[in-house]
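Chemist: Structure file model_25.txt, compact mmCIF, C-alpha atoms and all ligand atoms, is pasted below:
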# COMPACT_ATOMS: atom_id res chain seq x y z
CA MET A 1 4.14 14.07 13.25
CA PHE A 2 3.72 16.36 10.28
CA ALA A 3 6.55 18.79 11.10
CA GLY A 4 9.79 17.88 9.36
CA LYS A 5 8.08 15.84 6.61
CA LYS A 6 8.93 16.51 2.97
CA VAL A 7 5.97 17.17 0.71
CA LEU A 8 5.98 17.71 -3.03
CA VAL A 9 3.16 19.98 -4.14
CA GLY A 10 2.30 19.29 -7.79
CA ILE A 11 0.33 21.97 -9.60
CA SER A 12 -1.50 21.28 -12.84
CA GLY A 13 -3.12 23.88 -15.04
CA GLY A 14 -6.48 24.98 -13.69
CA ILE A 15 -7.79 28.29 -12.43
CA ALA A 16 -7.73 26.91 -8.88
CA ALA A 17 -3.91 26.97 -9.13
CA TYR A 18 -3.92 30.38 -7.44
CA LYS A 19 -5.32 28.77 -4.27
CA VAL A 20 -2.31 26.51 -3.98
CA ALA A 21 -0.17 29.40 -2.79
CA GLU A 22 -2.13 29.14 0.44
CA VAL A 23 -1.56 25.38 0.62
CA VAL A 24 2.20 25.93 0.37
CA SER A 25 2.18 28.71 2.90
CA ARG A 26 0.10 26.70 5.42
CA LEU A 27 2.44 23.72 5.03
CA ARG A 28 5.45 25.93 5.69
CA LYS A 29 3.79 27.28 8.86
CA LEU A 30 3.56 23.67 10.06
CA ASN A 31 7.32 23.30 9.47
CA VAL A 32 6.86 21.00 6.50
CA GLU A 33 9.63 21.03 3.87
CA VAL A 34 7.84 21.92 0.63
CA HIS A 35 8.97 21.30 -2.94
CA VAL A 36 6.91 22.37 -5.92
CA ALA A 37 6.56 20.89 -9.41
CA MET A 38 4.32 22.62 -11.96
CA THR A 39 3.05 21.67 -15.37
CA LYS A 40 3.71 24.18 -18.16
CA SER A 41 0.05 25.21 -18.22
CA ALA A 42 0.03 25.75 -14.44
CA THR A 43 2.63 28.48 -14.97
CA GLU A 44 -0.01 30.40 -16.98
CA PHE A 45 -2.15 30.65 -13.82
CA ILE A 46 0.47 31.28 -11.15
CA THR A 47 4.13 32.10 -11.51
CA PRO A 48 6.96 29.80 -10.43
CA LEU A 49 8.43 32.84 -8.67
CA THR A 50 5.44 33.02 -6.29
CA LEU A 51 5.85 29.35 -5.41
CA ARG A 52 9.60 29.62 -5.11
CA SER A 53 9.22 32.49 -2.66
CA LEU A 54 6.54 30.70 -0.61
CA SER A 55 8.24 27.30 -0.54
CA ALA A 56 11.80 28.67 -0.23
CA ASN A 57 12.88 26.00 -2.70
CA PRO A 58 13.48 25.82 -6.45
CA VAL A 59 10.38 25.08 -8.55
CA TYR A 60 10.43 22.31 -11.15
CA VAL A 61 8.68 22.71 -14.48
CA ASP A 62 10.78 21.30 -17.28
CA LEU A 63 12.04 17.74 -17.34
CA PHE A 64 15.20 18.76 -19.14
CA ASP A 65 16.18 21.75 -17.02
CA GLU A 66 19.56 21.65 -15.38
CA PRO A 67 19.06 20.08 -11.91
CA LYS A 68 18.41 22.94 -9.45
CA LEU A 69 20.39 21.24 -6.73
CA TRP A 70 23.30 18.86 -7.24
CA ASN A 71 21.29 15.77 -6.35
CA VAL A 72 17.72 16.73 -7.20
CA GLU A 73 16.18 15.61 -10.45
CA HIS A 74 12.85 13.89 -11.01
CA ILE A 75 13.77 10.41 -9.77
CA ALA A 76 15.70 11.72 -6.77
CA LEU A 77 12.78 13.97 -5.84
CA ALA A 78 10.30 11.09 -6.30
CA GLU A 79 12.28 9.03 -3.80
CA TYR A 80 13.04 11.91 -1.45
CA VAL A 81 9.58 13.13 -0.54
CA ASP A 82 7.26 11.61 2.10
CA ALA A 83 4.08 12.53 0.20
CA VAL A 84 2.92 14.16 -3.02
CA VAL A 85 -0.17 16.32 -3.25
CA VAL A 86 -1.45 17.47 -6.62
CA ALA A 87 -3.63 20.56 -6.31
CA PRO A 88 -5.39 21.37 -8.48
CA ALA A 89 -5.53 17.99 -10.18
CA THR A 90 -7.03 18.56 -13.62
CA ALA A 91 -8.91 15.92 -15.63
CA ASN A 92 -5.83 15.82 -17.84
CA ILE A 93 -3.28 14.97 -15.15
CA MET A 94 -5.61 12.31 -13.71
CA ALA A 95 -6.01 10.74 -17.18
CA LYS A 96 -2.22 10.73 -17.54
CA MET A 97 -1.76 9.11 -14.13
CA SER A 98 -4.45 6.57 -14.83
CA THR A 99 -2.70 5.34 -17.99
CA GLY A 100 0.86 5.85 -16.74
CA LEU A 101 1.85 8.67 -19.11
CA ALA A 102 4.98 10.56 -18.14
CA ASP A 103 5.75 13.45 -20.48
CA ASP A 104 6.75 16.27 -18.17
CA PHE A 105 8.42 16.74 -14.80
CA LEU A 106 5.28 16.36 -12.65
CA SER A 107 3.82 13.32 -14.42
CA THR A 108 7.23 11.62 -14.36
CA VAL A 109 7.56 12.12 -10.61
CA LEU A 110 4.02 10.83 -10.12
CA LEU A 111 4.91 7.64 -11.95
CA ALA A 112 8.25 7.18 -10.21
CA THR A 113 7.32 7.90 -6.61
CA ARG A 114 6.38 5.30 -4.04
CA ALA A 115 5.27 7.93 -1.53
CA PRO A 116 1.54 8.30 -0.85
CA ILE A 117 -0.21 10.53 -3.38
CA PHE A 118 -3.10 12.91 -2.66
CA LEU A 119 -5.12 14.55 -5.42
CA ALA A 120 -7.39 17.56 -5.09
CA PRO A 121 -9.43 17.47 -8.32
CA ALA A 122 -10.64 20.74 -9.78
CA MET A 123 -12.54 21.10 -13.03
CA ASN A 124 -15.81 22.07 -14.62
CA HIS A 125 -18.60 19.86 -13.27
CA ALA A 126 -19.42 18.35 -16.68
CA MET A 127 -15.79 17.34 -17.10
CA TYR A 128 -15.80 15.93 -13.58
CA HIS A 129 -18.89 13.81 -14.22
CA HIS A 130 -17.73 12.59 -17.62
CA PRO A 131 -17.45 8.77 -17.54
CA ALA A 132 -13.78 8.99 -18.60
CA THR A 133 -12.90 11.15 -15.59
CA GLN A 134 -14.97 9.00 -13.23
CA GLU A 135 -13.33 5.81 -14.53
CA ASN A 136 -9.90 7.36 -14.07
CA LEU A 137 -10.78 8.40 -10.52
CA THR A 138 -11.96 4.89 -9.70
CA ARG A 139 -8.75 3.41 -11.07
CA LEU A 140 -6.60 5.86 -9.12
CA ARG A 141 -8.55 5.16 -5.91
CA GLU A 142 -8.06 1.44 -6.44
CA ARG A 143 -4.33 2.03 -6.58
CA GLY A 144 -4.46 3.61 -3.15
CA ILE A 145 -4.33 7.25 -4.27
CA LYS A 146 -6.23 9.49 -1.89
CA ILE A 147 -8.73 11.92 -3.37
CA ILE A 148 -9.54 15.15 -1.52
CA GLY A 149 -12.89 16.62 -2.57
CA PRO A 150 -13.87 18.07 -4.93
CA ALA A 151 -16.30 20.45 -3.28
CA VAL A 152 -19.64 21.59 -4.69
CA GLY A 153 -20.22 25.24 -5.39
CA PHE A 154 -19.67 28.19 -7.69
CA GLN A 155 -17.26 27.46 -10.50
CA ALA A 156 -14.99 29.83 -12.39
CA CYS A 157 -16.84 29.01 -15.63
CA GLY A 158 -19.92 30.64 -14.11
CA THR A 159 -21.85 27.48 -13.27
CA GLU A 160 -22.64 25.69 -10.01
CA GLY A 161 -21.72 22.09 -9.39
CA GLU A 162 -19.28 19.48 -8.19
CA GLY A 163 -15.70 20.11 -9.26
CA ARG A 164 -14.44 23.02 -7.14
CA MET A 165 -11.08 22.38 -5.57
CA SER A 166 -11.24 21.79 -1.82
CA GLU A 167 -10.10 24.73 0.29
CA ALA A 168 -6.41 24.98 1.15
CA ALA A 169 -7.17 24.44 4.85
CA GLU A 170 -8.93 21.16 4.11
CA ILE A 171 -6.12 19.89 1.89
CA VAL A 172 -3.53 20.63 4.55
CA GLU A 173 -5.75 19.10 7.24
CA ARG A 174 -5.97 15.82 5.30
CA LEU A 175 -2.19 15.62 4.98
CA ASP A 176 -1.75 16.48 8.64
CA GLN A 177 -4.22 13.77 9.67
CA PHE A 178 -2.43 11.24 7.49
CA PHE A 179 0.97 11.97 9.02
CA SER A 180 -0.21 12.36 12.60
CA GLY A 181 -1.97 8.99 12.37
CA SER A 182 1.03 7.52 10.66
CA ASP A 183 3.09 7.33 13.82
CA CYS A 184 0.45 5.26 15.55
CA LEU A 185 2.62 2.13 15.83
CA LYS A 186 5.81 3.87 16.93
CA GLY A 187 7.83 1.69 19.29
CA LYS A 188 6.00 -1.48 18.21
CA ARG A 189 7.59 -4.47 16.52
CA ALA A 190 5.80 -6.22 13.69
CA LEU A 191 6.45 -9.31 11.63
CA VAL A 192 4.68 -10.09 8.37
CA THR A 193 4.95 -13.24 6.26
CA ALA A 194 4.35 -13.01 2.54
CA GLY A 195 4.49 -14.97 -0.70
CA GLY A 196 4.00 -18.61 -1.49
CA THR A 197 6.44 -21.13 -0.02
CA GLN A 198 8.26 -23.47 -2.41
CA GLU A 199 8.75 -27.11 -1.46
CA PRO A 200 11.61 -28.65 -3.46
CA LEU A 201 11.12 -31.98 -5.16
CA ASP A 202 14.49 -32.30 -6.88
CA PRO A 203 17.27 -29.81 -7.74
CA VAL A 204 15.14 -28.10 -10.42
CA ARG A 205 11.51 -28.53 -9.33
CA PHE A 206 9.32 -27.45 -6.47
CA LEU A 207 5.68 -27.54 -5.38
CA GLY A 208 4.37 -23.99 -5.13
CA ASN A 209 1.26 -21.85 -5.33
CA ARG A 210 0.04 -18.73 -7.11
CA SER A 211 0.64 -16.21 -4.31
CA SER A 212 2.34 -13.04 -5.61
CA GLY A 213 3.24 -11.73 -2.15
CA ARG A 214 1.58 -8.36 -2.92
CA MET A 215 -0.82 -8.39 0.03
CA GLY A 216 1.91 -9.13 2.59
CA TYR A 217 4.30 -6.59 1.06
CA ALA A 218 1.61 -3.88 1.20
CA ILE A 219 0.97 -4.70 4.87
CA ALA A 220 4.69 -4.55 5.70
CA GLN A 221 4.91 -1.19 3.93
CA VAL A 222 2.00 0.33 5.86
CA LEU A 223 3.19 -1.09 9.21
CA GLN A 224 6.59 0.48 8.56
CA GLU A 225 5.03 3.79 7.48
CA SER A 226 3.00 3.71 10.70
CA GLY A 227 6.16 3.66 12.78
CA ALA A 228 6.47 -0.08 13.55
CA GLU A 229 9.87 -1.74 13.26
CA THR A 230 8.93 -4.29 10.61
CA ILE A 231 10.36 -7.67 9.59
CA LEU A 232 9.10 -9.30 6.41
CA VAL A 233 9.65 -13.06 6.29
CA SER A 234 9.21 -13.60 2.60
CA ALA A 235 8.96 -16.61 0.35
CA PRO A 236 10.42 -15.94 -3.12
CA THR A 237 8.66 -13.07 -4.97
CA ASP A 238 9.58 -10.51 -7.65
CA LEU A 239 8.65 -7.58 -5.41
CA PRO A 240 11.06 -4.94 -4.08
CA THR A 241 11.43 -4.76 -0.29
CA PRO A 242 9.43 -1.76 0.99
CA PRO A 243 11.78 1.01 2.23
CA GLY A 244 12.85 0.59 5.86
CA VAL A 245 11.55 -2.97 6.15
CA THR A 246 13.94 -5.81 7.09
CA ARG A 247 13.43 -8.73 4.74
CA VAL A 248 14.24 -12.28 5.82
CA PRO A 249 14.18 -14.45 2.70
CA VAL A 250 12.98 -18.04 3.06
CA GLN A 251 11.95 -20.70 0.59
CA THR A 252 10.13 -23.52 2.36
CA ALA A 253 7.41 -23.71 5.01
CA LEU A 254 9.95 -25.18 7.44
CA GLU A 255 12.33 -22.25 6.90
CA MET A 256 9.43 -19.85 7.39
CA TYR A 257 8.44 -21.70 10.57
CA GLU A 258 11.98 -21.33 11.98
CA ALA A 259 12.26 -17.63 11.08
CA VAL A 260 8.83 -16.74 12.48
CA LEU A 261 9.11 -18.74 15.69
CA ALA A 262 12.59 -17.34 16.43
CA ASN A 263 11.24 -13.76 16.28
CA PHE A 264 7.79 -14.30 17.77
CA PRO A 265 8.55 -13.64 21.48
CA LYS A 266 9.85 -10.09 20.71
CA MET A 267 6.91 -9.13 18.49
CA ASP A 268 3.85 -7.01 19.25
CA VAL A 269 2.11 -7.84 15.97
CA VAL A 270 2.33 -10.80 13.60
CA VAL A 271 0.47 -10.88 10.30
CA LYS A 272 0.49 -14.22 8.49
CA ALA A 273 -0.29 -13.24 4.92
CA ALA A 274 1.89 -15.96 3.36
CA ALA A 275 0.40 -18.85 1.42
CA VAL A 276 2.17 -21.67 3.24
CA ALA A 277 2.32 -25.11 1.64
CA ASP A 278 0.43 -27.52 3.88
CA TYR A 279 2.53 -30.45 2.58
CA ARG A 280 6.06 -31.05 1.31
CA PRO A 281 7.53 -33.95 -0.63
CA ALA A 282 8.64 -36.67 1.80
CA ALA A 283 11.97 -36.99 0.03
CA LEU A 284 14.15 -34.52 -1.86
CA ALA A 285 15.71 -36.27 -4.85
CA GLU A 286 19.42 -35.53 -5.08
CA GLN A 287 19.38 -35.62 -8.87
CA LYS A 288 16.79 -34.39 -11.35
CA LEU A 289 13.91 -36.88 -11.54
CA LYS A 290 13.90 -38.58 -14.96
CA LYS A 291 10.76 -39.51 -16.81
CA ASP A 292 10.14 -43.21 -17.48
CA GLY A 293 6.72 -43.01 -19.10
CA THR A 294 4.86 -44.54 -16.15
CA ASN A 295 2.62 -42.92 -13.54
CA ARG A 296 4.46 -41.40 -10.65
CA THR A 297 3.26 -40.90 -7.09
CA ILE A 298 4.84 -38.30 -4.85
CA GLU A 299 4.51 -38.92 -1.16
CA LEU A 300 3.74 -35.74 0.78
CA VAL A 301 4.19 -35.17 4.48
CA PRO A 302 2.43 -32.40 6.43
CA ASN A 303 4.19 -29.11 7.20
CA PRO A 304 3.69 -27.51 10.58
CA ASP A 305 0.83 -25.00 10.72
CA ILE A 306 2.80 -21.89 11.66
CA LEU A 307 -0.20 -19.75 12.53
CA ALA A 308 -1.78 -22.42 14.72
CA GLU A 309 1.54 -22.77 16.56
CA LEU A 310 1.68 -18.99 17.12
CA GLY A 311 -1.92 -19.09 18.36
CA GLN A 312 -0.83 -21.63 20.99
CA GLN A 313 2.28 -19.72 22.06
CA LYS A 314 0.84 -16.22 21.99
CA THR A 315 1.01 -14.07 25.11
CA SER A 316 0.28 -10.39 24.43
CA GLN A 317 0.86 -10.39 20.66
CA VAL A 318 -1.81 -9.26 18.25
CA LEU A 319 -2.06 -12.15 15.80
CA ILE A 320 -3.62 -11.74 12.35
CA GLY A 321 -4.39 -14.64 10.03
CA PHE A 322 -5.64 -14.88 6.47
CA ALA A 323 -8.07 -17.34 5.02
CA ALA A 324 -7.94 -17.97 1.30
CA GLU A 325 -11.10 -19.84 0.42
CA THR A 326 -12.76 -21.02 -2.75
CA GLU A 327 -16.12 -21.97 -1.16
CA ASN A 328 -18.13 -21.38 2.05
CA LEU A 329 -15.98 -18.30 2.74
CA LEU A 330 -17.43 -17.05 6.00
CA ALA A 331 -18.07 -20.44 7.63
CA ASN A 332 -14.55 -21.71 6.80
CA ALA A 333 -12.97 -18.43 7.86
CA GLN A 334 -14.87 -18.39 11.15
CA GLU A 335 -13.69 -21.91 11.91
CA LYS A 336 -10.05 -21.00 11.07
CA MET A 337 -10.18 -17.89 13.28
CA LEU A 338 -11.20 -19.93 16.32
CA ARG A 339 -8.97 -22.93 15.60
CA LYS A 340 -5.87 -20.77 15.13
CA ASN A 341 -6.66 -18.41 18.04
CA VAL A 342 -6.14 -15.16 16.11
CA ASN A 343 -7.29 -11.63 17.06
CA LEU A 344 -8.47 -10.84 13.55
CA LEU A 345 -8.91 -12.96 10.46
CA VAL A 346 -8.85 -11.52 6.95
CA ALA A 347 -11.09 -13.65 4.77
CA ASN A 348 -10.97 -13.56 1.00
CA ASP A 349 -12.68 -15.61 -1.65
CA VAL A 350 -9.79 -16.15 -4.05
CA THR A 351 -12.11 -17.19 -6.89
CA LYS A 352 -13.76 -13.74 -7.17
CA PRO A 353 -12.52 -11.50 -10.02
CA GLY A 354 -10.46 -8.68 -8.48
CA ALA A 355 -9.57 -10.71 -5.37
CA GLY A 356 -6.88 -13.06 -4.19
CA PHE A 357 -3.69 -14.41 -5.71
CA GLY A 358 -1.90 -12.33 -8.32
CA SER A 359 -4.52 -9.55 -8.37
CA ILE A 360 -3.57 -5.96 -7.47
CA THR A 361 -6.93 -5.51 -5.76
CA ASN A 362 -8.67 -7.59 -3.13
CA ILE A 363 -12.16 -8.08 -1.69
CA VAL A 364 -11.95 -8.98 1.98
CA SER A 365 -13.88 -9.26 5.22
CA PHE A 366 -12.36 -8.80 8.66
CA LEU A 367 -13.66 -11.26 11.26
CA PHE A 368 -13.15 -10.78 15.00
CA PRO A 369 -13.54 -13.40 17.75
CA ASP A 370 -16.24 -11.26 19.42
CA GLY A 371 -18.48 -11.85 16.39
CA ARG A 372 -17.88 -8.48 14.71
CA ARG A 373 -17.41 -8.53 10.96
CA ILE A 374 -16.46 -5.78 8.49
CA ASP A 375 -17.11 -6.40 4.77
CA PHE A 376 -15.07 -4.23 2.39
CA PRO A 377 -15.74 -3.47 -1.28
CA GLN A 378 -13.06 -4.18 -3.89
CA MET A 379 -10.02 -2.01 -3.21
CA SER A 380 -6.28 -1.96 -3.84
CA LYS A 381 -4.17 -4.24 -1.66
CA LEU A 382 -2.54 -1.09 -0.29
CA GLU A 383 -5.94 0.17 0.86
CA VAL A 384 -6.73 -3.21 2.43
CA ALA A 385 -3.38 -2.93 4.21
CA ARG A 386 -4.24 0.56 5.49
CA ASN A 387 -7.58 -0.65 6.84
CA LEU A 388 -5.90 -3.62 8.46
CA VAL A 389 -3.22 -1.50 10.12
CA SER A 390 -5.91 0.81 11.38
CA GLU A 391 -7.59 -2.18 13.09
CA ILE A 392 -4.23 -3.39 14.43
CA ALA A 393 -3.71 0.04 16.01
CA ASN A 394 -7.14 -0.30 17.62
CA LEU A 395 -6.33 -3.77 18.92
CA LEU A 396 -3.10 -2.41 20.42
CA GLY A 397 -5.03 0.44 22.01
CA ARG A 398 -3.31 2.98 19.79
CA ASN A 399 -5.07 5.73 18.01
CA LYS A 400 -5.76 5.02 14.36
CA GLY A 401 -5.94 7.39 11.45
CA VAL A 402 -4.01 5.37 8.93
CA LYS A 403 -6.87 4.94 6.48
N1 LIG B 501 -0.84 -21.01 7.60
C1 LIG B 501 0.31 -21.25 8.29
N2 LIG B 501 0.95 -22.45 8.16
C2 LIG B 501 0.47 -23.41 7.35
C3 LIG B 501 -0.73 -23.15 6.62
C4 LIG B 501 -1.35 -21.94 6.77
O1 LIG B 501 0.76 -20.39 9.05
N3 LIG B 501 1.12 -24.55 7.23
C5 LIG B 501 -1.53 -19.71 7.80
C6 LIG B 501 -1.59 -18.83 6.56
O2 LIG B 501 -0.48 -17.96 6.53
C7 LIG B 501 -2.88 -18.06 6.78
C8 LIG B 501 -3.76 -19.05 7.55
O3 LIG B 501 -2.85 -20.00 8.13
O4 LIG B 501 -2.72 -16.93 7.61
C9 LIG B 501 -4.78 -19.77 6.74
O5 LIG B 501 -4.21 -20.33 5.59
P1 LIG B 501 -5.10 -21.13 4.56
O6 LIG B 501 -4.22 -21.67 3.47
O7 LIG B 501 -6.30 -20.32 4.19
O8 LIG B 501 -5.66 -22.30 5.47
P2 LIG B 501 -5.10 -23.66 5.96
O9 LIG B 501 -4.84 -23.55 7.42
O10 LIG B 501 -3.96 -24.11 5.13
O11 LIG B 501 -6.39 -24.58 5.79
P3 LIG B 501 -6.98 -25.27 4.47
O12 LIG B 501 -5.82 -25.58 3.58
O13 LIG B 501 -7.66 -26.47 5.03
O14 LIG B 501 -7.95 -24.28 3.88
Represent the structure contained in this file as structure tokens.
Ligand code: CTP
Modeler:
Amino acid sequence: MFAGKKVLVGISGGIAAYKVAEVVSRLRKLNVEVHVAMTKSATEFITPLTLRSLSANPVYVDLFDEPKLWNVEHIALAEYVDAVVVAPATANIMAKMSTGLADDFLSTVLLATRAPIFLAPAMNHAMYHHPATQENLTRLRERGIKIIGPAVGFQACGTEGEGRMSEAAEIVERLDQFFSGSDCLKGKRALVTAGGTQEPLDPVRFLGNRSSGRMGYAIAQVLQESGAETILVSAPTDLPTPPGVTRVPVQTALEMYEAVLANFPKMDVVVKAAAVADYRPAALAEQKLKKDGTNRTIELVPNPDILAELGQQKTSQVLIGFAAETENLLANAQEKMLRKNVNLLVANDVTKPGAGFGSITNIVSFLFPDGRRIDFPQMSKLEVARNLVSEIANLLGRNKGVK
């Protein structure tokens, strides 16, 4: 549902800024709570007063202004809103976002927010096609930022080309679609596992792996944003818990096994993104192991395969597995999908640059037991998560629209 959402409209300095008045007014008609932040140069094209009147809220321009409301300053606003849309998005603001520059109110909010960001680029077509702008756009897309347009047509500079800001109706439609689709898992319960388990050897050492947890955290975030009540069973990571998600911290594969199995019967969806250690040391030394200069052998015993166990126990749950492979990706993944009885398997070759452990992007294929396969290009883990949640909604017979 779009009504009742809080949207920050960011305006940067381009001639298309005048069109944003219509964006604000259309959002208000849909009962969206609108806040506006403008760059200094945007105020040359349209006055803050116009936007204040249309949004019925104070307009933010200067980082060092007195807060307009007792609790609203840039960080509070960044955390408060459900989405940010920058229209028009100039080449300059996109370059700032791409490199993480924060030197005014709008760019600071854009760096601080964890809400989804939409950009409606608007600029002269030569500026739009400049490799610097295109590289920035690619980077922003890879981070999960959604780009609306630009359209092709007559430009204020008197030329024709690509770079016109999309029409207000289209911008609002995209936001509406995003939020309407975003309730598609309402009433559903989801559990995600993430991170690499740690198998202790002695009080100071463990056997671990290179998983950062990013993929699982992104999936938990999107499931939660899509309305599912979401539990994240997480091995140790440095990542913050996504807002609204319940985190159950675990360390070892056995602890993960217990936590997942205990919750499984109540779940509608389980996504096993964790890198689970297949083996653990047979014995846990009570004291730190001392070196004695000789070879040492550590006996390992197998851990339970959590996903395979879920595949056995599953009734109506949608079960998603991952396959991290370093060779024969599709053949190994296909075999894992059938052996573990999952509804969808996400296969990734962790040796590819831009994929797998530690990377912020991933290159994956979705495999289905009916033989269907979807191959995706390199994209941010958040975008992979959005595509996955869209498929989960399909598998649950819910409408999608999360992409
Ligand atoms: N998995 C699990 N429990 C384990 C091992 C793996 O639940 N003890 C899950 C992972 O979370 C992932 C899937 O099984 O969803 C595949 O993990 P992967 O490490 O790719 O495969 P393995 O089953 O461990 O097989 P192999 O090590 O032979 O590649």
Chemist: May I ask for the distance between atom CA of Gly100 of chain A and atom CA of Pro116 of chain A, given in Å to one decimal place?
Modeler: 16.1 Å
Chemist: Name each residue within 6 Å of ligand LIG 501 (chain B), counting all atoms listed in the file, as a count of residues only.
Modeler: 16
Chemist: Within 7 Å of Asp176 of chain A, counting all atoms listed in the file, which residues qualify if same-chain residues fewer than 4 places away don't, as a list in words?
Modeler: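 Selected residues are Phe2, Val172 and Ser180 of chain A.
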Chemist: Applying 10 Å and only C-alpha atoms, which residues near Phe366 of chain A remain after dropping the ones on its own chain fewer than 5 positions away? List them as a list in words.
Modeler: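 My reading of the contact set: Ile320, Gly321, Phe322, Ala333, Leu344, Leu345, Val346, Ala347, Asn348, Arg372, Arg373, Ile374, Asp375, Phe376, Asn387, Leu388 and Glu391 of chain A.
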Chemist: Please, what distance in Å, to one decimal, runs between atom CA of Val301 of chain A and atom CA of Thr193 of chain A?
Modeler: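 Separation between atom CA of Val301 of chain A and atom CA of Thr193 of chain A: 22.0 Å.
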Chemist: Which polymer residues have any atom within 8 Å of an atom of segment 225-237 of chain A, counting only C-alpha atoms, with same-chain residues fewer than 6 positions away left out, as a PyMOL selection string?
Modeler: chain A and resi 181-198+212-213+217+244-252+256+259-260+274+402
Chemist: Can you work out which one of A:Ala169, A:Leu137, A:Leu239, A:Ala83 has the shortest atom-to-atom distance to Val24 of chain A, counting all atoms listed in the file?
Modeler: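 Checking each candidate against Val24 of chain A, we get A:Ala169 as the closest.
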Chemist: Taking (7.6, 19.1, -3.6) in the coordinates of the supplied file, I want to know which residues reach to within 10 Å of it, counting only C-alpha atoms; could you give the answer as a VMD selection string?
Modeler: chain A and resid 6 to 11 24 33 to 38 55 57 to 60 77 to 78 80 to 86 106 109
Chemist: Using only C-alpha atoms, which of the listed residues (A:Leu140, A:Leu175, A:Ala126, A:Ala112) sits closest to Lys5 of chain A?
Modeler: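 Going through A:Leu140, A:Leu175, A:Ala126, A:Ala112 one by one, the smallest distance to Lys5 of chain A is for A:Leu175.
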Chemist: Work out how far apart atom CA of Arg339 of chain A and atom CA of Gln317 of chain A are and give it in Å to one decimal.
Modeler: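 Result for atom CA of Arg339 of chain A versus atom CA of Gln317 of chain A: 16.7 Å, one decimal.
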Chemist: Using only C-alpha atoms, which of A:Asp202, A:Glu327, A:Glu44, A:Asp62 sits nearest Asp103 of chain A?
Modeler: A:Asp62
Chemist: Using all atoms listed in the file - which residues lie no farther than 9 Å from the point (1.3, 26.8, -0.8) in the file's frame? Write them as JSON, numbers by chain.
Modeler: {"A": [9, 19, 20, 21, 22, 23, 24, 25, 26, 27, 28, 34, 36, 51, 54, 55, 168]}
